[in-house]
>>> print(open('model_9.cif').read())   # mmCIF, C-alpha atoms
data_entry
#
loop_
_atom_site.group_PDB
_atom_site.id
_atom_site.type_symbol
_atom_site.label_atom_id
_atom_site.label_comp_id
_atom_site.auth_asym_id
_atom_site.auth_seq_id
_atom_site.Cartn_x
_atom_site.Cartn_y
_atom_site.Cartn_z
ATOM 1 C CA MET A 1 83.852 185.836 49.144
ATOM 2 C CA LYS A 2 81.157 187.885 50.876
ATOM 3 C CA LYS A 3 78.484 185.375 49.825
ATOM 4 C CA ALA A 4 80.430 182.556 51.567
ATOM 5 C CA GLU A 5 80.709 184.525 54.840
ATOM 6 C CA ARG A 6 77.012 185.369 54.740
ATOM 7 C CA SER A 7 76.032 181.708 54.936
ATOM 8 C CA GLN A 8 78.042 181.341 58.250
ATOM 9 C CA GLU A 9 75.999 183.939 60.150
ATOM 10 C CA PRO A 10 74.138 182.511 63.160
ATOM 11 C CA PRO A 11 70.363 182.332 63.119
ATOM 12 C CA LEU A 12 68.662 185.108 65.079
ATOM 13 C CA SER A 13 67.328 182.789 67.813
ATOM 14 C CA SER A 14 70.792 181.372 68.528
ATOM 15 C CA ARG A 15 72.291 184.867 68.661
ATOM 16 C CA THR A 16 69.591 186.028 71.078
ATOM 17 C CA GLU A 17 70.120 182.999 73.308
ATOM 18 C CA LEU A 18 73.850 183.594 73.449
ATOM 19 C CA SER A 19 73.321 187.300 74.070
ATOM 20 C CA ASN A 20 70.959 186.566 76.980
ATOM 21 C CA PHE A 21 73.347 183.992 78.403
ATOM 22 C CA LEU A 22 76.349 186.324 78.245
ATOM 23 C CA ALA A 23 74.354 189.237 79.665
ATOM 24 C CA GLY A 24 73.368 187.004 82.582
ATOM 25 C CA ILE A 25 76.860 185.874 83.518
ATOM 26 C CA GLU A 26 79.176 188.712 82.451
ATOM 27 C CA ARG A 27 79.112 190.648 85.739
ATOM 28 C CA ARG A 28 79.681 187.591 87.895
ATOM 29 C CA ALA A 29 82.449 186.499 85.529
ATOM 30 C CA PHE A 30 84.117 189.880 85.901
ATOM 31 C CA LYS A 31 83.892 189.659 89.691
ATOM 32 C CA GLN A 32 85.335 186.143 89.657
ATOM 33 C CA ALA A 33 88.274 187.352 87.585
ATOM 34 C CA MET A 34 88.695 190.340 89.902
ATOM 35 C CA PHE A 35 88.800 188.114 93.007
ATOM 36 C CA ALA A 36 91.707 186.220 91.514
ATOM 37 C CA ILE A 37 93.579 188.846 89.511
ATOM 38 C CA ARG A 38 92.695 192.098 91.352
ATOM 39 C CA ASN A 39 93.284 194.154 88.248
ATOM 40 C CA GLU A 40 90.269 195.643 86.468
ATOM 41 C CA GLU A 41 91.748 195.818 82.970
ATOM 42 C CA THR A 42 93.143 192.288 83.089
ATOM 43 C CA ALA A 43 89.866 190.973 84.524
ATOM 44 C CA LEU A 44 87.911 192.599 81.698
ATOM 45 C CA ASP A 45 90.316 191.162 79.122
ATOM 46 C CA ILE A 46 89.906 187.697 80.640
ATOM 47 C CA VAL A 47 86.099 187.919 80.510
ATOM 48 C CA GLN A 48 86.181 189.152 76.917
ATOM 49 C CA ASP A 49 88.520 186.330 75.868
ATOM 50 C CA ALA A 50 86.315 183.770 77.608
ATOM 51 C CA MET A 51 83.214 185.144 75.868
ATOM 52 C CA MET A 52 84.932 185.103 72.485
ATOM 53 C CA ARG A 53 86.163 181.548 72.950
ATOM 54 C CA LEU A 54 82.740 180.330 73.982
ATOM 55 C CA ALA A 55 81.105 182.007 70.968
ATOM 56 C CA GLU A 56 83.750 180.885 68.484
ATOM 57 C CA LYS A 57 84.236 177.311 69.639
ATOM 58 C CA TYR A 58 81.029 176.325 71.385
ATOM 59 C CA GLY A 59 78.440 178.701 69.890
ATOM 60 C CA GLU A 60 76.639 175.803 68.240
ATOM 61 C CA ARG A 61 76.552 173.595 71.350
ATOM 62 C CA PRO A 62 73.295 173.144 73.305
ATOM 63 C CA VAL A 63 72.419 176.109 75.517
ATOM 64 C CA GLU A 64 72.409 173.925 78.665
ATOM 65 C CA GLU A 65 76.117 173.199 78.193
ATOM 66 C CA TRP A 66 77.135 176.858 78.018
ATOM 67 C CA PRO A 67 77.373 177.579 81.785
ATOM 68 C CA MET A 68 79.748 174.678 82.398
ATOM 69 C CA LEU A 69 81.779 175.362 79.248
ATOM 70 C CA PHE A 70 82.023 179.064 80.000
ATOM 71 C CA GLN A 71 83.178 178.394 83.555
ATOM 72 C CA ARG A 72 85.820 175.974 82.333
ATOM 73 C CA ILE A 73 87.124 178.531 79.827
ATOM 74 C CA LEU A 74 86.979 181.349 82.384
ATOM 75 C CA GLN A 75 88.730 179.401 85.151
ATOM 76 C CA ASN A 76 91.472 178.273 82.754
ATOM 77 C CA ALA A 77 91.988 181.878 81.627
ATOM 78 C CA ILE A 78 92.073 183.079 85.246
ATOM 79 C CA ARG A 79 94.582 180.375 86.191
ATOM 80 C CA ASP A 80 96.831 181.218 83.212
ATOM 81 C CA SER A 81 96.748 184.907 84.039
ATOM 82 C CA TYR A 82 97.283 184.138 87.741
ATOM 83 C CA ARG A 83 100.396 182.104 86.944
ATOM 84 C CA ARG A 84 101.757 184.836 84.684
ATOM 85 C CA SER A 85 101.152 187.496 87.325
ATOM 86 C CA LYS A 86 102.860 185.280 89.937
ATOM 87 C CA VAL A 87 105.973 185.102 87.770
ATOM 88 C CA ARG A 88 105.859 188.875 87.195
ATOM 89 C CA SER A 89 105.356 189.631 90.889
ATOM 90 C CA MET A 90 108.239 187.329 91.808
ATOM 91 C CA TRP A 91 110.598 189.497 89.745
ATOM 92 C CA THR A 92 108.999 192.683 91.060
ATOM 93 C CA THR A 93 109.418 191.471 94.659
ATOM 94 C CA LEU A 94 113.047 190.626 94.043
ATOM 95 C CA LEU A 95 113.702 194.086 92.601
ATOM 96 C CA SER A 96 111.757 196.068 95.207
ATOM 97 C CA SER A 97 112.521 193.993 98.314
ATOM 98 C CA LEU A 98 113.920 197.056 100.078
ATOM 99 C CA SER A 99 110.602 198.959 100.108
ATOM 100 C CA PRO A 100 108.199 197.400 102.676
ATOM 101 C CA ASN A 101 104.491 197.080 101.863
ATOM 102 C CA ASP A 102 102.172 198.291 104.642
ATOM 103 C CA ASP A 103 98.940 197.486 102.805
ATOM 104 C CA GLU A 104 98.543 194.055 104.418
ATOM 105 C CA ASP A 105 98.114 195.617 107.838
ATOM 106 C CA ALA A 106 95.265 197.816 106.657
ATOM 107 C CA ASP A 107 91.830 197.076 108.103
ATOM 108 C CA PRO A 108 89.317 196.493 105.285
ATOM 109 C CA LEU A 109 86.470 197.764 107.476
ATOM 110 C CA GLU A 110 88.236 201.117 107.811
ATOM 111 C CA THR A 111 88.633 201.296 104.058
ATOM 112 C CA PHE A 112 84.969 200.615 103.440
ATOM 113 C CA ALA A 113 83.888 202.979 106.189
ATOM 114 C CA ALA A 114 85.941 205.669 104.489
ATOM 115 C CA GLN A 115 84.367 204.794 101.139
ATOM 116 C CA GLY A 116 80.926 205.025 102.716
ATOM 117 C CA GLU A 117 81.701 208.495 104.032
ATOM 118 C CA SER A 118 82.923 209.645 100.673
ATOM 119 C CA GLU A 119 79.595 208.593 99.112
ATOM 120 C CA GLY A 120 77.926 211.299 101.211
ATOM 121 C CA LEU A 121 75.373 211.490 103.971
ATOM 122 C CA THR A 122 72.427 210.866 101.652
ATOM 123 C CA THR A 123 73.231 207.110 101.540
ATOM 124 C CA PRO A 124 70.935 205.268 103.962
ATOM 125 C CA HIS A 125 72.624 203.686 106.951
ATOM 126 C CA ARG A 126 71.373 200.213 106.078
ATOM 127 C CA GLN A 127 72.681 200.505 102.542
ATOM 128 C CA LEU A 128 76.071 201.449 103.910
ATOM 129 C CA GLU A 129 76.105 198.447 106.200
ATOM 130 C CA ARG A 130 75.283 196.132 103.286
ATOM 131 C CA THR A 131 78.006 197.705 101.178
ATOM 132 C CA GLN A 132 80.505 197.238 103.971
ATOM 133 C CA LEU A 133 79.431 193.632 104.465
ATOM 134 C CA LEU A 134 79.771 193.046 100.733
ATOM 135 C CA GLY A 135 83.247 194.536 100.812
ATOM 136 C CA VAL A 136 84.319 192.322 103.706
ATOM 137 C CA ILE A 137 82.976 189.159 102.051
ATOM 138 C CA GLU A 138 84.622 190.042 98.745
ATOM 139 C CA LYS A 139 87.936 190.624 100.514
ATOM 140 C CA GLU A 140 87.697 187.273 102.300
ATOM 141 C CA ILE A 141 86.809 185.496 99.051
ATOM 142 C CA GLU A 142 89.869 187.063 97.458
ATOM 143 C CA LYS A 143 92.010 185.576 100.222
ATOM 144 C CA LEU A 144 90.783 182.014 99.601
ATOM 145 C CA PRO A 145 93.113 179.588 97.814
ATOM 146 C CA LEU A 146 92.385 179.512 94.064
ATOM 147 C CA ARG A 147 90.740 176.070 93.916
ATOM 148 C CA GLN A 148 88.604 176.662 96.996
ATOM 149 C CA ARG A 149 87.413 179.977 95.585
ATOM 150 C CA GLU A 150 86.599 178.371 92.218
ATOM 151 C CA ALA A 151 84.575 175.609 93.861
ATOM 152 C CA PHE A 152 82.752 177.953 96.237
ATOM 153 C CA LEU A 153 81.791 180.460 93.540
ATOM 154 C CA MET A 154 80.696 177.864 91.000
ATOM 155 C CA ARG A 155 78.609 175.921 93.519
ATOM 156 C CA TYR A 156 76.929 178.794 95.326
ATOM 157 C CA TRP A 157 77.140 181.840 93.059
ATOM 158 C CA GLU A 158 76.799 180.157 89.685
ATOM 159 C CA GLU A 159 74.460 177.540 91.196
ATOM 160 C CA MET A 160 76.171 174.691 89.375
ATOM 161 C CA ASP A 161 75.771 171.193 90.798
ATOM 162 C CA ILE A 162 78.693 169.110 92.055
ATOM 163 C CA ALA A 163 79.037 167.131 88.808
ATOM 164 C CA GLU A 164 79.084 170.273 86.620
ATOM 165 C CA THR A 165 81.571 171.955 88.932
ATOM 166 C CA ALA A 166 83.807 168.874 88.822
ATOM 167 C CA VAL A 167 83.791 168.913 84.996
ATOM 168 C CA ALA A 168 84.470 172.646 84.866
ATOM 169 C CA MET A 169 87.316 172.362 87.384
ATOM 170 C CA GLY A 170 88.712 169.178 85.843
ATOM 171 C CA CYS A 171 88.695 167.264 89.132
ATOM 172 C CA SER A 172 86.633 164.625 90.975
ATOM 173 C CA GLU A 173 83.307 165.325 92.660
ATOM 174 C CA GLY A 174 84.935 164.442 95.987
ATOM 175 C CA SER A 175 87.531 167.175 95.466
ATOM 176 C CA VAL A 176 84.773 169.687 94.714
ATOM 177 C CA LYS A 177 83.031 168.816 97.988
ATOM 178 C CA THR A 178 86.293 169.134 99.930
ATOM 179 C CA HIS A 179 87.248 172.488 98.327
ATOM 180 C CA CYS A 180 83.750 173.815 98.864
ATOM 181 C CA SER A 181 83.545 172.760 102.496
ATOM 182 C CA ARG A 182 86.964 174.216 103.307
ATOM 183 C CA ALA A 183 86.095 177.491 101.576
ATOM 184 C CA THR A 184 82.835 177.802 103.492
ATOM 185 C CA HIS A 185 84.471 177.129 106.851
ATOM 186 C CA THR A 186 87.336 179.522 106.160
ATOM 187 C CA LEU A 187 84.947 182.273 105.122
ATOM 188 C CA ALA A 188 82.622 181.721 108.066
ATOM 189 C CA ALA A 189 85.548 181.768 110.503
ATOM 190 C CA ALA A 190 86.998 184.938 108.950
ATOM 191 C CA LEU A 191 83.634 186.718 109.171
ATOM 192 C CA ARG A 192 83.081 185.511 112.759
ATOM 193 C CA ALA A 193 86.487 186.942 113.680
ATOM 194 C CA LYS A 194 85.182 190.333 112.449
ATOM 195 C CA GLY A 195 81.978 189.930 114.407
ATOM 196 C CA ILE A 196 79.866 189.106 111.344
ATOM 197 C CA GLU A 197 77.384 186.213 111.348
ATOM 198 C CA LEU A 198 75.502 185.357 108.161
ATOM 199 C CA MET B 1 76.603 170.166 104.784
ATOM 200 C CA LYS B 2 73.225 171.871 105.206
ATOM 201 C CA ASP B 3 74.885 174.711 107.120
ATOM 202 C CA ASP B 4 77.450 175.047 104.331
ATOM 203 C CA THR B 5 74.695 175.354 101.732
ATOM 204 C CA GLU B 6 72.821 177.900 103.822
ATOM 205 C CA PHE B 7 75.978 179.943 104.318
ATOM 206 C CA GLY B 8 76.749 179.692 100.602
ATOM 207 C CA TYR B 9 73.353 181.011 99.553
ATOM 208 C CA LYS B 10 73.431 183.845 102.067
ATOM 209 C CA ALA B 11 76.834 184.835 100.728
ATOM 210 C CA ARG B 12 75.389 184.628 97.223
ATOM 211 C CA GLN B 13 72.636 187.105 98.057
ATOM 212 C CA ILE B 14 75.184 189.600 99.327
ATOM 213 C CA LEU B 15 77.527 189.054 96.364
ATOM 214 C CA ASN B 16 74.643 189.640 93.945
ATOM 215 C CA GLN B 17 74.115 193.091 95.448
ATOM 216 C CA GLY B 18 77.646 193.929 94.375
ATOM 217 C CA LEU B 19 76.743 193.307 90.742
ATOM 218 C CA ASP B 20 74.305 196.219 90.693
ATOM 219 C CA ILE B 21 76.869 198.747 91.825
ATOM 220 C CA LEU B 22 79.505 197.998 89.214
ATOM 221 C CA ASP B 23 81.188 200.997 87.656
ATOM 222 C CA GLY B 24 79.587 202.299 84.429
ATOM 223 C CA LYS B 25 82.900 201.996 82.631
ATOM 224 C CA VAL B 26 83.079 198.297 83.527
ATOM 225 C CA THR B 27 79.507 197.552 82.424
ATOM 226 C CA ALA B 28 80.092 199.417 79.144
ATOM 227 C CA ARG B 29 83.220 197.383 78.495
ATOM 228 C CA LEU B 30 81.372 194.145 79.312
ATOM 229 C CA HIS B 31 78.629 195.120 76.864
ATOM 230 C CA GLN B 32 81.251 195.785 74.209
ATOM 231 C CA ALA B 33 82.885 192.414 74.917
ATOM 232 C CA ARG B 34 79.521 190.679 74.588
ATOM 233 C CA GLN B 35 78.879 192.291 71.206
ATOM 234 C CA ALA B 36 82.324 191.256 69.975
ATOM 235 C CA ALA B 37 81.644 187.684 71.108
ATOM 236 C CA LEU B 38 78.251 187.610 69.409
ATOM 237 C CA ASN B 39 79.831 188.745 66.150
ATOM 238 C CA SER B 40 82.221 185.815 66.270
ATOM 239 C CA GLN B 41 79.615 183.203 67.180
ATOM 240 C CA ARG B 42 80.092 179.936 65.339
ATOM 241 C CA VAL B 43 77.116 177.908 64.121
ATOM 242 C CA SER B 44 76.759 174.945 61.784
ATOM 243 C CA VAL B 45 75.223 175.607 58.358
ATOM 244 C CA MET B 46 71.824 173.924 58.242
ATOM 245 C CA GLY B 47 70.382 172.018 55.228
ATOM 246 C CA LEU B 48 71.774 169.591 52.696
ATOM 247 C CA ARG B 49 74.848 170.702 50.867
ATOM 248 C CA MET B 50 77.540 168.839 48.982
ATOM 249 C CA ALA B 51 80.916 169.659 50.418
ATOM 250 C CA GLY B 52 82.435 172.509 48.450
ATOM 251 C CA ILE B 53 80.289 172.143 45.340
ATOM 252 C CA GLY B 54 77.156 173.862 46.642
ATOM 253 C CA GLN B 55 79.081 176.868 47.804
ATOM 254 C CA THR B 56 81.072 176.971 44.564
ATOM 255 C CA LEU B 57 77.894 176.922 42.472
ATOM 256 C CA GLU B 58 76.291 179.566 44.647
ATOM 257 C CA PHE B 59 79.381 181.729 44.397
ATOM 258 C CA ALA B 60 79.563 181.184 40.591
ATOM 259 C CA PHE B 61 75.899 182.144 40.209
ATOM 260 C CA PHE B 62 76.029 185.307 42.288
ATOM 261 C CA SER B 63 79.301 186.570 40.848
ATOM 262 C CA ASN B 64 78.175 186.019 37.193
ATOM 263 C CA ALA B 65 74.550 187.061 37.631
ATOM 264 C CA ARG B 66 74.828 189.964 35.146
ATOM 265 C CA ASN B 67 76.298 187.768 32.390
ATOM 266 C CA LEU B 68 73.692 185.096 32.999
ATOM 267 C CA LEU B 69 70.886 187.635 32.683
ATOM 268 C CA ALA B 70 72.351 188.935 29.389
ATOM 269 C CA VAL B 71 72.545 185.384 27.963
ATOM 270 C CA MET B 72 68.959 184.712 29.047
ATOM 271 C CA ALA B 73 67.718 187.941 27.411
ATOM 272 C CA LEU B 74 69.557 187.037 24.179
ATOM 273 C CA SER B 75 68.018 183.549 24.171
ATOM 274 C CA VAL B 76 64.523 184.961 24.666
ATOM 275 C CA GLY B 77 65.155 187.435 21.771
ATOM 276 C CA ALA B 78 66.357 184.675 19.408
ATOM 277 C CA MET B 79 63.364 182.489 20.237
ATOM 278 C CA GLY B 80 61.020 185.424 19.652
ATOM 279 C CA THR B 81 62.579 186.177 16.247
ATOM 280 C CA TYR B 82 62.322 182.508 15.199
ATOM 281 C CA TYR B 83 58.630 182.317 16.098
ATOM 282 C CA TRP B 84 57.910 185.670 14.411
ATOM 283 C CA ASN B 85 59.557 184.468 11.143
ATOM 284 C CA ALA B 86 57.608 181.224 11.266
ATOM 285 C CA PHE B 87 54.405 183.193 11.700
ATOM 286 C CA GLU B 88 55.216 185.462 8.730
ATOM 287 C CA GLN B 89 55.994 182.451 6.507
ATOM 288 C CA ALA B 90 52.721 180.814 7.502
ATOM 289 C CA GLN B 91 50.886 183.976 6.494
ATOM 290 C CA GLU B 92 52.578 183.963 3.020
ATOM 291 C CA PHE B 93 51.638 180.313 2.452
ATOM 292 C CA GLU B 94 48.104 181.141 3.497
ATOM 293 C CA GLU B 95 47.884 183.918 0.874
ATOM 294 C CA ILE B 96 49.233 181.601 -1.886
ATOM 295 C CA ASP B 97 46.789 178.894 -0.905
ATOM 296 C CA SER B 98 43.939 181.402 -0.973
ATOM 297 C CA ALA B 99 44.976 182.629 -4.462
ATOM 298 C CA LEU B 100 45.213 179.070 -5.758
ATOM 299 C CA LEU B 101 41.810 178.116 -4.460
ATOM 300 C CA ALA B 102 40.201 181.333 -5.690
ATOM 301 C CA GLY B 103 41.666 180.987 -9.285
ATOM 302 C CA ASP B 104 39.969 179.399 -12.357
ATOM 303 C CA LEU B 105 42.564 176.643 -12.754
ATOM 304 C CA PRO B 106 42.283 173.577 -10.567
ATOM 305 C CA PRO B 107 45.338 173.170 -8.152
ATOM 306 C CA SER B 108 46.208 169.842 -9.860
ATOM 307 C CA ALA B 109 47.068 171.789 -13.048
ATOM 308 C CA TYR B 110 50.072 173.330 -11.320
ATOM 309 C CA LEU B 111 51.414 169.819 -10.603
ATOM 310 C CA ASP B 112 51.117 168.728 -14.253
ATOM 311 C CA ARG B 113 54.496 168.829 -16.091
ATOM 312 C CA GLY B 114 52.958 169.430 -19.465
ATOM 313 C CA PHE B 115 51.066 172.413 -18.204
ATOM 314 C CA GLN B 116 54.270 173.809 -16.662
ATOM 315 C CA ALA B 117 56.112 173.399 -20.047
ATOM 316 C CA TRP B 118 53.238 174.993 -21.944
ATOM 317 C CA LEU B 119 53.127 177.862 -19.490
ATOM 318 C CA GLU B 120 56.876 178.549 -19.902
ATOM 319 C CA ARG B 121 56.702 178.335 -23.696
ATOM 320 C CA THR B 122 53.719 180.649 -23.822
ATOM 321 C CA SER B 123 55.350 183.219 -21.578
ATOM 322 C CA ASP B 124 58.619 183.043 -23.669
ATOM 323 C CA SER B 125 56.787 183.627 -26.948
ATOM 324 C CA SER B 126 54.748 186.457 -25.519
ATOM 325 C CA LEU B 127 57.950 188.163 -24.409
ATOM 326 C CA ARG B 128 59.346 188.028 -27.920
#
>>> encode(input="model_9.cif", output="structure tokens")
Amino acid sequence: MKKAERSQEPPLSSRTELSNFLAGIERRAFKQAMFAIRNEETALDIVQDAMMRLAEKYGERPVEEWPMLFQRILQNAIRDSYRRSKVRSMWTTLLSSLSPNDDEDADPLETFAAQGESEGLTTPHRQLERTQLLGVIEKEIEKLPLRQREAFLMRYWEEMDIAETAVAMGCSEGSVKTHCSRATHTLAAALRAKGIEL
Amino acid sequence: MKDDTEFGYKARQILNQGLDILDGKVTARLHQARQAALNSQRVSVMGLRMAGIGQTLEFAFFSNARNLLAVMALSVGAMGTYYWNAFEQAQEFEEIDSALLAGDLPPSAYLDRGFQAWLERTSDSSLR
């Protein structure tokens, strides 16, 4: 049976291409999953599943199709996990409705300022500012509705065009434009409210 | 729309900075995930191949390689023996031919029936 498996191994060039592609997108994919799920382990599992599915099912497809296919797989996995976590949290909320959650009132800037202090005084001031800005933007992206976040990240972070984003999201190009525009305005307004102008 | 794009790309630059400060544990796990995905990559088998038969023949050849080699060695041995025997026989005939040609009697005498009968009679009487 070994001889039969040997003939299914990918050629070296194809393996290298896939390796380069995955290495290029894996960190952004993890961040995307984190924005939606906010759980490191689950986000890592989602990225691994998406990678495996791409390799298993679409490994022989043209390289140009991989970004769109990967995004479609990733977004579907994120949505599935999001729905499952919603159901879980509904039960958790019902069971722990007596204990109030104060986390929503917390100021993210305070959190990141505290993080900056814990990193020590050797960190340059500018670096700290950038880290804080990054933290604020990431928090605001997390707050976006799921579809708006998907559209915004695929268009501007993954640099996919409107048609590719529409295919990956399974919606019309018009919807992509609407989601994207709303996401941008929401983010800009949220940052302006914190005194940040990009 | 232009403002949206500009905002989007500025946000992208900041988000990209976040990728460089990911925890080592996370990057190690991502690397591991990538390797697992690469090991399960699917590709089509290139080249002409009859469905099922090619693989079956290949499998049959590789799994019985030792037996096939033994049969081939035996065949080569048998062929060698056959040619060696033929060579030996040719040498014997050559010696007989040489003796016939070098003798006093002409070779046609050996084909004569009367000469054969005389030869037998003579040898019988000499034995008595």
>>> closest_residue(input="model_9.cif", among="A:Met160, A:Cys171, A:Ala188, A:Ala166", to="chain B", atoms="all atoms listed in the file")
A:Ala188
>>> resolve_selection(input="model_9.cif", expression="the PyMOL selection byres ((chain B) within 6 of (chain A))", output="list of chain:residue names")
B:Gly8, B:Tyr9, B:Arg12, B:Ile14, B:Ala33, B:Ala37, B:Ser40, B:Gln41, B:Arg42, B:Val43
>>> residues_around(input="model_9.cif", residues="Ile78 (chain A)", least_positions_apart="4", cutoff="7 Å", atoms="only C-alpha atoms", output="VMD selection string")
chain A and resid 33 46 74 82
>>> atom_distance(input="model_9.cif", atom1="CA of Ile196 (chain A)", atom2="CA of Val136 (chain A)")
9.4 Å
>>> residues_near_point(input="model_9.cif", point="(89.1, 188.8, 101.5)", cutoff="12 Å", atoms="all atoms listed in the file", output="PyMOL selection string")
chain A and resi 34-36+38+104+107-109+133-145+149+183+186-191+194
>>> atom_distance(input="model_9.cif", atom1="CA of Leu69 (chain B)", atom2="CA of Ala86 (chain B)")
26.0 Å
>>> atom_distance(input="model_9.cif", atom1="CA of Arg147 (chain A)", atom2="CA of Ala11 (chain B)")
17.8 Å
>>> closest_residue(input="model_9.cif", among="A:Ala193, A:Gln127, A:His179, A:Glu64", to="Gly18 (chain B)", atoms="all atoms listed in the file")
A:Gln127
>>> closest_residue(input="model_9.cif", among="A:Ile25, A:Thr178, A:Leu146, A:Lys86", to="His31 (chain B)", atoms="only C-alpha atoms")
A:Ile25
